[in-house]
file model.cif (mmCIF, C-alpha atoms)
data_entry
loop_
_atom_site.group_PDB
_atom_site.id
_atom_site.type_symbol
_atom_site.label_atom_id
_atom_site.label_comp_id
_atom_site.auth_asym_id
_atom_site.auth_seq_id
_atom_site.Cartn_x
_atom_site.Cartn_y
_atom_site.Cartn_z
ATOM 1 C CA MET R 257 112.245 56.825 121.246
ATOM 2 C CA PRO R 258 114.069 59.931 122.498
ATOM 3 C CA THR R 259 112.361 63.316 122.395
ATOM 4 C CA ILE R 260 115.243 64.769 120.380
ATOM 5 C CA PRO R 261 116.978 62.778 117.615
ATOM 6 C CA PHE R 262 120.761 62.497 117.619
ATOM 7 C CA PHE R 263 121.489 65.241 115.055
ATOM 8 C CA LYS R 264 118.614 67.639 115.695
ATOM 9 C CA HIS R 265 120.806 70.665 116.349
ATOM 10 C CA ALA R 266 122.432 72.234 113.305
ATOM 11 C CA THR R 267 125.178 74.818 113.044
ATOM 12 C CA LEU R 268 124.506 78.165 111.385
ATOM 13 C CA ARG R 269 126.493 77.024 108.353
ATOM 14 C CA GLU R 270 124.403 73.845 108.062
ATOM 15 C CA ILE R 271 121.174 75.830 108.370
ATOM 16 C CA ILE R 272 122.255 78.224 105.618
ATOM 17 C CA ILE R 273 123.284 75.382 103.299
ATOM 18 C CA THR R 274 120.013 73.472 103.734
ATOM 19 C CA ARG R 275 117.976 76.582 103.011
ATOM 20 C CA LEU R 276 120.050 77.488 99.978
ATOM 21 C CA CYS R 277 119.604 73.969 98.578
ATOM 22 C CA CYS R 278 115.847 74.033 99.104
ATOM 23 C CA GLY R 279 115.628 77.585 97.762
ATOM 24 C CA ALA R 280 117.552 76.628 94.613
ATOM 25 C CA ASP R 281 115.177 73.753 93.891
ATOM 26 C CA ALA R 282 112.185 75.999 94.589
ATOM 27 C CA VAL R 283 113.531 78.413 91.957
ATOM 28 C CA VAL R 284 113.742 75.538 89.459
ATOM 29 C CA ILE R 285 110.122 74.586 90.246
ATOM 30 C CA LEU R 286 108.936 78.171 89.806
ATOM 31 C CA CYS R 287 110.807 78.599 86.526
ATOM 32 C CA CYS R 288 109.384 75.349 85.141
ATOM 33 C CA GLY R 289 105.908 76.315 86.313
ATOM 34 C CA GLY R 290 106.243 79.760 84.741
ATOM 35 C CA TYR R 291 107.275 78.210 81.433
ATOM 36 C CA LEU R 292 104.294 75.841 81.503
ATOM 37 C CA LEU R 293 101.818 78.640 82.211
ATOM 38 C CA ARG R 294 103.330 81.001 79.663
ATOM 39 C CA CYS R 295 103.475 78.482 76.829
ATOM 40 C CA TYR R 296 100.298 76.507 77.448
ATOM 41 C CA ASP R 297 98.147 78.307 74.858
ATOM 42 C CA ALA R 298 100.898 78.323 72.241
ATOM 43 C CA VAL R 299 101.499 74.574 72.491
ATOM 44 C CA GLY R 300 97.904 73.434 72.815
ATOM 45 C CA LEU R 301 98.815 70.031 74.232
ATOM 46 C CA ARG R 302 95.665 67.984 74.861
ATOM 47 C CA TRP R 303 94.773 66.638 78.297
ATOM 48 C CA PRO R 304 95.490 62.950 77.603
ATOM 49 C CA TRP R 305 99.064 63.865 76.696
ATOM 50 C CA LEU R 306 99.356 66.143 79.714
ATOM 51 C CA ILE R 307 98.326 63.255 81.965
ATOM 52 C CA VAL R 308 100.826 60.924 80.283
ATOM 53 C CA ALA R 309 103.581 63.520 80.784
ATOM 54 C CA LEU R 310 102.645 63.861 84.462
ATOM 55 C CA LEU R 311 102.722 60.085 84.976
ATOM 56 C CA VAL R 312 106.081 59.776 83.202
ATOM 57 C CA GLY R 313 107.413 62.575 85.383
ATOM 58 C CA TYR R 314 106.074 60.876 88.500
ATOM 59 C CA PHE R 315 107.790 57.618 87.556
ATOM 60 C CA LEU R 316 111.079 59.344 86.738
ATOM 61 C CA ALA R 317 110.870 61.316 89.990
ATOM 62 C CA ASP R 318 110.666 58.010 91.853
ATOM 63 C CA LEU R 319 113.620 56.683 89.871
ATOM 64 C CA PHE R 320 115.633 59.841 90.545
ATOM 65 C CA SER R 321 114.841 59.591 94.262
ATOM 66 C CA GLY R 322 116.167 56.033 94.185
ATOM 67 C CA LEU R 323 119.369 57.083 92.448
ATOM 68 C CA VAL R 324 120.010 59.831 94.994
ATOM 69 C CA HIS R 325 119.126 57.489 97.861
ATOM 70 C CA TRP R 326 121.467 54.816 96.498
ATOM 71 C CA VAL R 327 124.370 57.253 96.138
ATOM 72 C CA VAL R 328 123.852 58.691 99.633
ATOM 73 C CA ASP R 329 123.472 55.289 101.307
ATOM 74 C CA THR R 330 126.238 53.532 99.397
ATOM 75 C CA TRP R 331 129.053 55.905 98.512
ATOM 76 C CA VAL R 332 128.816 59.198 100.416
ATOM 77 C CA ASP R 333 130.230 59.581 103.915
ATOM 78 C CA GLU R 334 130.038 62.184 106.661
ATOM 79 C CA GLY R 335 133.201 63.863 105.444
ATOM 80 C CA MET R 336 131.432 64.725 102.190
ATOM 81 C CA LEU R 337 127.984 65.814 103.335
ATOM 82 C CA GLY R 338 128.287 66.044 107.112
ATOM 83 C CA ARG R 339 125.043 66.218 109.061
ATOM 84 C CA GLY R 340 122.908 65.114 106.109
ATOM 85 C CA ILE R 341 124.711 61.770 105.994
ATOM 86 C CA ALA R 342 124.590 61.437 109.773
ATOM 87 C CA MET R 343 120.801 61.783 109.628
ATOM 88 C CA THR R 344 120.474 59.110 106.938
ATOM 89 C CA ARG R 345 122.674 56.690 108.874
ATOM 90 C CA GLU R 346 120.620 57.352 112.002
ATOM 91 C CA HIS R 347 117.501 56.462 110.028
ATOM 92 C CA HIS R 348 118.900 53.001 109.302
ATOM 93 C CA THR R 349 119.313 52.146 112.966
ATOM 94 C CA HIS R 350 116.468 54.262 114.398
ATOM 95 C CA PRO R 351 113.861 54.546 111.603
ATOM 96 C CA SER R 352 111.241 56.468 113.584
ATOM 97 C CA HIS R 353 113.671 59.314 114.343
ATOM 98 C CA VAL R 354 113.143 60.585 110.801
ATOM 99 C CA LEU R 355 109.760 61.959 111.885
ATOM 100 C CA LEU R 356 111.417 64.268 114.416
ATOM 101 C CA TYR R 357 113.437 66.383 111.979
ATOM 102 C CA GLY R 358 112.224 69.558 110.311
ATOM 103 C CA PHE R 359 111.144 69.717 106.685
ATOM 104 C CA LEU R 360 114.075 71.815 105.455
ATOM 105 C CA ASP R 361 116.632 69.629 107.250
ATOM 106 C CA GLN R 362 115.537 66.629 105.225
ATOM 107 C CA ALA R 363 114.390 68.269 101.986
ATOM 108 C CA SER R 364 117.866 69.524 101.141
ATOM 109 C CA LEU R 365 119.139 65.983 100.465
ATOM 110 C CA GLY R 366 116.851 65.701 97.457
ATOM 111 C CA ALA R 367 116.648 69.382 96.604
ATOM 112 C CA ALA R 368 120.384 69.854 96.046
ATOM 113 C CA PRO R 369 120.849 67.226 93.298
ATOM 114 C CA SER R 370 117.500 68.221 91.807
ATOM 115 C CA ALA R 371 118.515 71.876 91.560
ATOM 116 C CA VAL R 372 121.724 70.912 89.758
ATOM 117 C CA VAL R 373 120.527 68.117 87.466
ATOM 118 C CA VAL R 374 116.909 69.066 86.812
ATOM 119 C CA GLY R 375 117.727 72.770 86.790
ATOM 120 C CA SER R 376 120.346 72.202 84.088
ATOM 121 C CA ALA R 377 117.966 70.016 82.067
ATOM 122 C CA ALA R 378 115.206 72.618 82.323
ATOM 123 C CA ALA R 379 117.566 75.407 81.248
ATOM 124 C CA VAL R 380 118.636 73.438 78.167
ATOM 125 C CA THR R 381 115.005 72.622 77.335
ATOM 126 C CA ALA R 382 113.992 76.279 77.632
ATOM 127 C CA SER R 383 116.761 77.278 75.207
ATOM 128 C CA PHE R 384 114.967 75.492 72.338
ATOM 129 C CA PRO R 385 111.963 76.893 70.453
ATOM 130 C CA VAL R 386 108.680 76.117 72.197
ATOM 131 C CA SER R 387 107.109 72.903 70.920
ATOM 132 C CA ALA R 388 105.055 69.971 72.133
ATOM 133 C CA LEU R 389 108.295 68.143 72.940
ATOM 134 C CA THR R 390 109.859 70.948 74.979
ATOM 135 C CA TYR R 391 106.563 71.488 76.793
ATOM 136 C CA THR R 392 106.294 67.790 77.638
ATOM 137 C CA LEU R 393 109.877 67.732 78.871
ATOM 138 C CA MET R 394 109.240 70.788 81.033
ATOM 139 C CA ILE R 395 106.277 69.010 82.635
ATOM 140 C CA VAL R 396 108.601 66.115 83.457
ATOM 141 C CA TRP R 397 111.251 68.440 84.933
ATOM 142 C CA PHE R 398 108.588 70.273 86.942
ATOM 143 C CA VAL R 399 107.254 67.037 88.455
ATOM 144 C CA ILE R 400 110.717 65.686 89.266
ATOM 145 C CA ALA R 401 111.898 68.933 90.884
ATOM 146 C CA THR R 402 108.719 69.182 92.962
ATOM 147 C CA CYS R 403 108.841 65.557 94.087
ATOM 148 C CA MET R 404 112.521 65.824 95.010
ATOM 149 C CA LEU R 405 111.869 68.878 97.178
ATOM 150 C CA PHE R 406 109.201 66.867 99.005
ATOM 151 C CA GLY R 407 110.956 63.518 98.575
ATOM 152 C CA MET R 408 111.611 62.933 102.256
ATOM 153 C CA SER R 409 108.045 63.957 103.035
ATOM 154 C CA PHE R 410 106.857 61.176 100.712
ATOM 155 C CA HIS R 411 109.291 58.797 102.409
ATOM 156 C CA ASN R 412 108.183 59.808 105.890
ATOM 157 C CA LEU R 413 104.589 58.854 105.105
ATOM 158 C CA ALA R 414 105.747 55.226 105.124
ATOM 159 C CA HIS R 415 106.879 55.694 108.740
ATOM 160 C CA TRP R 416 103.806 57.371 110.190
ATOM 161 C CA PRO R 417 102.629 55.248 113.152
ATOM 162 C CA VAL R 418 99.011 56.317 112.552
ATOM 163 C CA ARG R 419 97.791 56.853 108.995
ATOM 164 C CA PRO R 420 94.619 58.774 108.086
ATOM 165 C CA PRO R 421 92.162 56.922 105.824
ATOM 166 C CA LEU R 422 93.034 59.064 102.779
ATOM 167 C CA LEU R 423 96.730 58.246 103.172
ATOM 168 C CA ARG R 424 96.005 54.530 103.548
ATOM 169 C CA LEU R 425 93.953 54.665 100.354
ATOM 170 C CA ALA R 426 96.733 56.467 98.461
ATOM 171 C CA GLN R 427 99.240 53.874 99.650
ATOM 172 C CA ARG R 428 96.969 50.977 98.672
ATOM 173 C CA LEU R 429 96.664 52.535 95.204
ATOM 174 C CA HIS R 430 100.481 52.868 95.083
ATOM 175 C CA LEU R 431 100.253 56.635 94.625
ATOM 176 C CA VAL R 432 102.721 57.066 97.500
ATOM 177 C CA CYS R 433 105.131 54.600 99.078
ATOM 178 C CA SER R 434 103.539 52.296 101.656
ATOM 179 C CA PRO R 435 105.116 50.997 104.897
ATOM 180 C CA GLU R 436 104.960 47.413 103.654
ATOM 181 C CA HIS R 437 106.744 48.310 100.431
ATOM 182 C CA HIS R 438 109.376 50.576 101.956
ATOM 183 C CA TRP R 439 110.285 48.430 104.962
ATOM 184 C CA ARG R 440 111.997 45.927 102.692
ATOM 185 C CA HIS R 441 114.784 48.497 102.374
ATOM 186 C CA HIS R 442 115.337 48.477 106.127
ATOM 187 C CA GLY R 443 115.890 44.749 106.027
ATOM 188 C CA ASP R 444 118.038 44.749 102.888
ATOM 189 C CA HIS R 445 119.913 47.903 101.898
ATOM 190 C CA THR R 446 120.357 46.747 98.324
ATOM 191 C CA VAL R 447 116.678 47.044 97.317
ATOM 192 C CA ARG R 448 113.706 49.439 97.439
ATOM 193 C CA TYR R 449 115.695 52.667 97.164
ATOM 194 C CA CYS R 450 112.927 54.593 95.367
ATOM 195 C CA VAL R 451 110.735 56.358 97.924
ATOM 196 C CA ILE R 452 108.259 58.633 96.139
ATOM 197 C CA ASN R 453 105.712 56.033 95.062
ATOM 198 C CA GLY R 454 107.841 52.881 94.679
ATOM 199 C CA TRP R 455 106.953 52.373 91.004
ATOM 200 C CA ALA R 456 110.577 52.341 89.886
ATOM 201 C CA ASN R 457 111.547 49.784 92.528
ATOM 202 C CA TYR R 458 109.929 46.963 90.563
ATOM 203 C CA PRO R 459 112.051 47.224 87.389
ATOM 204 C CA CYS R 460 115.183 48.328 89.298
ATOM 205 C CA ASP R 461 115.067 45.455 91.793
ATOM 206 C CA ARG R 462 114.036 42.882 89.218
ATOM 207 C CA LEU R 463 116.990 43.875 87.020
ATOM 208 C CA GLY R 464 119.352 44.102 90.006
ATOM 209 C CA LEU R 465 120.222 47.623 88.876
ATOM 210 C CA TRP R 466 121.761 48.847 92.122
ATOM 211 C CA SER R 467 123.927 45.754 92.624
ATOM 212 C CA LYS R 468 125.158 46.008 89.040
ATOM 213 C CA LEU R 469 125.992 49.685 89.506
ATOM 214 C CA GLU R 470 127.826 48.879 92.738
ATOM 215 C CA TRP R 471 129.884 46.241 90.942
ATOM 216 C CA LEU R 472 130.724 48.758 88.221
ATOM 217 C CA VAL R 473 131.788 51.446 90.683
ATOM 218 C CA THR R 474 133.864 48.994 92.722
ATOM 219 C CA ALA R 475 135.511 47.573 89.596
ATOM 220 C CA THR R 476 136.318 51.085 88.377
ATOM 221 C CA THR R 477 137.395 52.782 91.608
ATOM 222 C CA GLY R 478 138.164 49.966 94.053
ATOM 223 C CA ARG R 479 135.788 51.483 96.623
ATOM 224 C CA ALA R 480 133.596 49.196 98.711
ATOM 225 C CA PRO R 481 129.869 49.968 98.967
ATOM 226 C CA ARG R 482 128.476 50.979 102.367
ATOM 227 C CA ALA R 483 131.968 50.942 103.854
ATOM 228 C CA ASP R 484 130.946 53.045 106.864
ATOM 229 C CA ASP R 485 127.801 51.125 107.853
ATOM 230 C CA ALA R 486 129.403 49.011 110.595
ATOM 231 C CA GLU R 487 131.052 52.051 112.154
ATOM 232 C CA TRP R 488 127.777 53.969 112.142
ATOM 233 C CA HIS R 489 125.946 51.051 113.743
ATOM 234 C CA ARG R 490 128.460 51.058 116.568
ATOM 235 C CA LYS R 491 128.347 54.831 116.863
ATOM 236 C CA LEU R 492 124.561 54.967 117.034
ATOM 237 C CA ASN R 493 124.194 51.887 119.254
ATOM 238 C CA ASP R 494 122.080 49.813 116.860
ATOM 239 C CA THR R 495 118.716 48.854 118.377
ATOM 240 C CA GLY R 496 118.067 45.905 116.105
ATOM 241 C CA LEU R 497 115.421 47.763 114.115
ATOM 242 C CA LEU R 498 117.592 47.530 111.031
ATOM 243 C CA ALA R 499 116.473 44.012 110.178
ATOM 244 C CA GLY R 500 113.291 43.907 112.202
ATOM 245 C CA GLU R 501 109.703 43.808 111.103
ATOM 246 C CA PRO R 502 107.685 47.007 110.729
ATOM 247 C CA ARG R 503 105.559 47.973 113.653
ATOM 248 C CA PRO R 504 101.836 47.574 113.133
ATOM 249 C CA VAL R 505 100.375 50.693 111.533
ATOM 250 C CA ARG R 506 96.779 51.841 111.487
#
call {"tool": "encode", "arguments": {"input": "model.cif", "output": "structure tokens"}}
result
Amino acid sequence: MPTIPFFKHATLREIIITRLCCGADAVVILCCGGYLLRCYDAVGLRWPWLIVALLVGYFLADLFSGLVHWVVDTWVDEGMLGRGIAMTREHHTHPSHVLLYGFLDQASLGAAPSAVVVGSAAAVTASFPVSALTYTLMIVWFVIATCMLFGMSFHNLAHWPVRPPLLRLAQRLHLVCSPEHHWRHHGDHTVRYCVINGWANYPCDRLGLWSKLEWLVTATTGRAPRADDAEWHRKLNDTGLLAGEPRPVR
């Protein structure tokens, strides 16, 4: 494994864009958090319902991470997102390189769509009178926005060569994505797109959601999914890790 990954160095423009994306999602998180603190007493939502809202948000965050991952892997090319796409394609052929990039470099891929989609949803929710429903929805938006900012950090935990006992326990409890669960994606790029905790992978893969969506997009637009994969494999000098078995982890 090289000391420096292929796309480590960013231009000033790329640095500014990644920080703006992460900053925008951080603003969404802070606004949602402020709403939850400000309205907590007025709503009086009991703890069991708060826990349910958090779990629903955690599931939907995983699903949203899968949707973003699927779009980036399947339909977006370097001409659209530049270095961000180059880094994701590098990860397919050299999975361990993902651990060598900085937090902000990777966080922007999830933070940008979160800032737009979740930020819009939170703004609409906040425009309604405060109620148990709006409060519950704001919890969901808060969890999704937070998880998307740290989405690649969740994903990277599945690639750590040495895992502390607490992390191994969390992965065994399916609180975060495990290496065994995630590595299926590296062998088959049509499954296991969700990378926060993997919960949403079970219904999505069982229903063949991503393949059905690909068929729909292709039938509508004529575009082929993952059209640039072969070119990227040649460009990055594929090592064979794409379809290999995960290295033993401790």
call {"tool": "closest_atom_pairs", "arguments": {"input": "model.cif", "of": "range 284-383 of chain R", "to": "range 408-416 of chain R", "cutoff": "7 Å", "atoms": "only C-alpha atoms", "output": "CSV"}}
result
residue,atom,partner,partner_atom,distance
R:Ser352,CA,R:His415,CA,6.6
R:Leu355,CA,R:Asn412,CA,6.6
R:Gln362,CA,R:Met408,CA,6.2
R:Ala363,CA,R:Met408,CA,6.0
call {"tool": "resolve_selection", "arguments": {"input": "model.cif", "expression": "the PyMOL selection byres ((chain R and resi 427-436) around 7)", "output": "PyMOL selection string"}}
result
chain R and resi 410-411+414-415+423-426+437-439+451-454
call {"tool": "write_last_selection", "arguments": {"input": "model.cif", "atoms": "C-alpha atoms", "output": "CSV table (one decimal), keeping the file's coordinate frame"}}
result
chain,number,residue,atom,x,y,z
R,410,PHE,CA,106.9,61.2,100.7
R,411,HIS,CA,109.3,58.8,102.4
R,414,ALA,CA,105.7,55.2,105.1
R,415,HIS,CA,106.9,55.7,108.7
R,423,LEU,CA,96.7,58.2,103.2
R,424,ARG,CA,96.0,54.5,103.5
R,425,LEU,CA,94.0,54.7,100.4
R,426,ALA,CA,96.7,56.5,98.5
R,437,HIS,CA,106.7,48.3,100.4
R,438,HIS,CA,109.4,50.6,102.0
R,439,TRP,CA,110.3,48.4,105.0
R,451,VAL,CA,110.7,56.4,97.9
R,452,ILE,CA,108.3,58.6,96.1
R,453,ASN,CA,105.7,56.0,95.1
R,454,GLY,CA,107.8,52.9,94.7
call {"tool": "closest_residue", "arguments": {"input": "model.cif", "among": "R:Thr474, R:Thr390, R:Trp455, R:Glu334", "to": "Glu346 in chain R", "atoms": "all atoms listed in the file"}}
result
R:Glu334
call {"tool": "resolve_selection", "arguments": {"input": "model.cif", "expression": "the PyMOL selection byres ((chain R and resi 479-488) around 9)", "output": "PDB file with C-alpha atoms, keeping the file's coordinate frame"}}
result
ATOM      1  CA  ASP R 329     123.472  55.289 101.307  1.00  0.00           C
ATOM      2  CA  THR R 330     126.238  53.532  99.397  1.00  0.00           C
ATOM      3  CA  TRP R 331     129.053  55.905  98.512  1.00  0.00           C
ATOM      4  CA  VAL R 332     128.816  59.198 100.416  1.00  0.00           C
ATOM      5  CA  ASP R 333     130.230  59.581 103.915  1.00  0.00           C
ATOM      6  CA  ALA R 342     124.590  61.437 109.773  1.00  0.00           C
ATOM      7  CA  ARG R 345     122.674  56.690 108.874  1.00  0.00           C
ATOM      8  CA  GLU R 346     120.620  57.352 112.002  1.00  0.00           C
ATOM      9  CA  THR R 349     119.313  52.146 112.966  1.00  0.00           C
ATOM     10  CA  GLU R 470     127.826  48.879  92.738  1.00  0.00           C
ATOM     11  CA  TRP R 471     129.884  46.241  90.942  1.00  0.00           C
ATOM     12  CA  VAL R 473     131.788  51.446  90.683  1.00  0.00           C
ATOM     13  CA  THR R 474     133.864  48.994  92.722  1.00  0.00           C
ATOM     14  CA  ALA R 475     135.511  47.573  89.596  1.00  0.00           C
ATOM     15  CA  THR R 476     136.318  51.085  88.377  1.00  0.00           C
ATOM     16  CA  THR R 477     137.395  52.782  91.608  1.00  0.00           C
ATOM     17  CA  GLY R 478     138.164  49.966  94.053  1.00  0.00           C
ATOM     18  CA  HIS R 489     125.946  51.051 113.743  1.00  0.00           C
ATOM     19  CA  ARG R 490     128.460  51.058 116.568  1.00  0.00           C
ATOM     20  CA  LYS R 491     128.347  54.831 116.863  1.00  0.00           C
ATOM     21  CA  LEU R 492     124.561  54.967 117.034  1.00  0.00           C
ATOM     22  CA  ASN R 493     124.194  51.887 119.254  1.00  0.00           C
ATOM     23  CA  ASP R 494     122.080  49.813 116.860  1.00  0.00           C
TER      24      ASP R 494
END
call {"tool": "closest_residue", "arguments": {"input": "model.cif", "among": "R:Leu276, R:Leu293, R:Val327, R:Leu360", "to": "Leu405 in chain R", "atoms": "all atoms listed in the file"}}
result
R:Leu360
call {"tool": "atom_distance", "arguments": {"input": "model.cif", "atom1": "CA of Gly313 in chain R", "atom2": "CA of Met404 in chain R"}}
result
11.4 Å
call {"tool": "resolve_selection", "arguments": {"input": "model.cif", "expression": "the PyMOL selection byres ((chain R and resi 285) around 12)", "output": "NGL selection string"}}
result
:R and (278-284 or 286-292 or 367 or 370-371 or 374-375 or 378-379 or 394-406)
call {"tool": "atom_distance", "arguments": {"input": "model.cif", "atom1": "CA of Trp326 in chain R", "atom2": "CA of Leu422 in chain R"}}
result
29.4 Å
call {"tool": "atom_distance", "arguments": {"input": "model.cif", "atom1": "CA of Arg448 in chain R", "atom2": "CA of Pro417 in chain R"}}
result
20.1 Å
call {"tool": "residues_near_point", "arguments": {"input": "model.cif", "point": "(112.5, 52.9, 93.7)", "cutoff": "9 Å", "atoms": "all atoms listed in the file", "output": "list in words"}}
result
Asp318, Leu319, Phe320, Ser321, Gly322, Leu323, Val447, Arg448, Tyr449, Cys450, Val451, Ile452, Asn453, Gly454, Trp455, Ala456, Asn457, Tyr458, Pro459, Cys460 and Asp461 of chain R
call {"tool": "residues_around", "arguments": {"input": "model.cif", "residues": "Thr446 in chain R", "least_positions_apart": "4", "cutoff": "8 Å", "atoms": "all atoms listed in the file", "output": "number ranges by chain"}}
result
R: 441, 466-467
call {"tool": "closest_residue", "arguments": {"input": "model.cif", "among": "R:Trp303, R:Phe359, R:Tyr314, R:Phe263", "to": "Arg275 in chain R", "atoms": "only C-alpha atoms"}}
result
R:Phe359
call {"tool": "closest_residue", "arguments": {"input": "model.cif", "among": "R:Leu365, R:Ile272, R:Leu310, R:Val418", "to": "Val328 in chain R", "atoms": "only C-alpha atoms"}}
result
R:Leu365
call {"tool": "closest_residue", "arguments": {"input": "model.cif", "among": "R:Gly443, R:Gly464, R:Pro304, R:Pro261", "to": "His350 in chain R", "atoms": "all atoms listed in the file"}}
result
R:Pro261
call {"tool": "residues_around", "arguments": {"input": "model.cif", "residues": "Val299 in chain R", "least_positions_apart": "5", "cutoff": "12 Å", "atoms": "all atoms listed in the file", "output": "ChimeraX atom specification"}}
result
/R:291-294,305-306,385-392
call {"tool": "closest_residue", "arguments": {"input": "model.cif", "among": "R:His445, R:Arg339, R:His353, R:Arg302", "to": "Glu270 in chain R", "atoms": "all atoms listed in the file"}}
result
R:Arg339
call {"tool": "decode", "arguments": {"input": "model.cif", "residues": "range 461-474 of chain R", "atoms": "N, CA and C atoms", "output": "mmCIF file, in the first residue's frame"}}
result
data_model
loop_
_atom_site.group_PDB
_atom_site.id
_atom_site.type_symbol
_atom_site.label_atom_id
_atom_site.label_comp_id
_atom_site.auth_asym_id
_atom_site.auth_seq_id
_atom_site.Cartn_x
_atom_site.Cartn_y
_atom_site.Cartn_z
ATOM 1 N N ASP R 461 -31.607 -5.252 -0.633
ATOM 2 C CA ASP R 461 -31.026 -6.334 -1.426
ATOM 3 C C ASP R 461 -32.021 -7.456 -1.653
ATOM 4 N N ARG R 462 -32.846 -7.723 -0.654
ATOM 5 C CA ARG R 462 -33.849 -8.777 -0.813
ATOM 6 C C ARG R 462 -34.857 -8.407 -1.897
ATOM 7 N N LEU R 463 -35.212 -7.121 -1.959
ATOM 8 C CA LEU R 463 -36.175 -6.652 -2.961
ATOM 9 C C LEU R 463 -35.520 -6.350 -4.309
ATOM 10 N N GLY R 464 -34.176 -6.400 -4.358
ATOM 11 C CA GLY R 464 -33.475 -6.047 -5.586
ATOM 12 C C GLY R 464 -33.697 -4.596 -5.966
ATOM 13 N N LEU R 465 -33.766 -3.725 -4.957
ATOM 14 C CA LEU R 465 -34.115 -2.324 -5.189
ATOM 15 C C LEU R 465 -33.175 -1.648 -6.168
ATOM 16 N N TRP R 466 -31.873 -1.811 -5.960
ATOM 17 C CA TRP R 466 -30.907 -1.071 -6.784
ATOM 18 C C TRP R 466 -30.940 -1.548 -8.235
ATOM 19 N N SER R 467 -31.070 -2.844 -8.453
ATOM 20 C CA SER R 467 -31.154 -3.361 -9.819
ATOM 21 C C SER R 467 -32.420 -2.862 -10.520
ATOM 22 N N LYS R 468 -33.515 -2.812 -9.770
ATOM 23 C CA LYS R 468 -34.766 -2.310 -10.344
ATOM 24 C C LYS R 468 -34.647 -0.830 -10.700
ATOM 25 N N LEU R 469 -34.006 -0.065 -9.829
ATOM 26 C CA LEU R 469 -33.811 1.360 -10.117
ATOM 27 C C LEU R 469 -32.896 1.548 -11.328
ATOM 28 N N GLU R 470 -31.870 0.706 -11.428
ATOM 29 C CA GLU R 470 -30.977 0.796 -12.588
ATOM 30 C C GLU R 470 -31.734 0.506 -13.879
ATOM 31 N N TRP R 471 -32.584 -0.514 -13.840
ATOM 32 C CA TRP R 471 -33.392 -0.827 -15.026
ATOM 33 C C TRP R 471 -34.264 0.357 -15.393
ATOM 34 N N LEU R 472 -34.863 0.991 -14.396
ATOM 35 C CA LEU R 472 -35.750 2.129 -14.650
ATOM 36 C C LEU R 472 -34.989 3.298 -15.263
ATOM 37 N N VAL R 473 -33.820 3.600 -14.713
ATOM 38 C CA VAL R 473 -33.023 4.704 -15.242
ATOM 39 C C VAL R 473 -32.569 4.404 -16.665
ATOM 40 N N THR R 474 -32.105 3.190 -16.904
ATOM 41 C CA THR R 474 -31.650 2.807 -18.241
ATOM 42 C C THR R 474 -32.796 2.849 -19.241
#
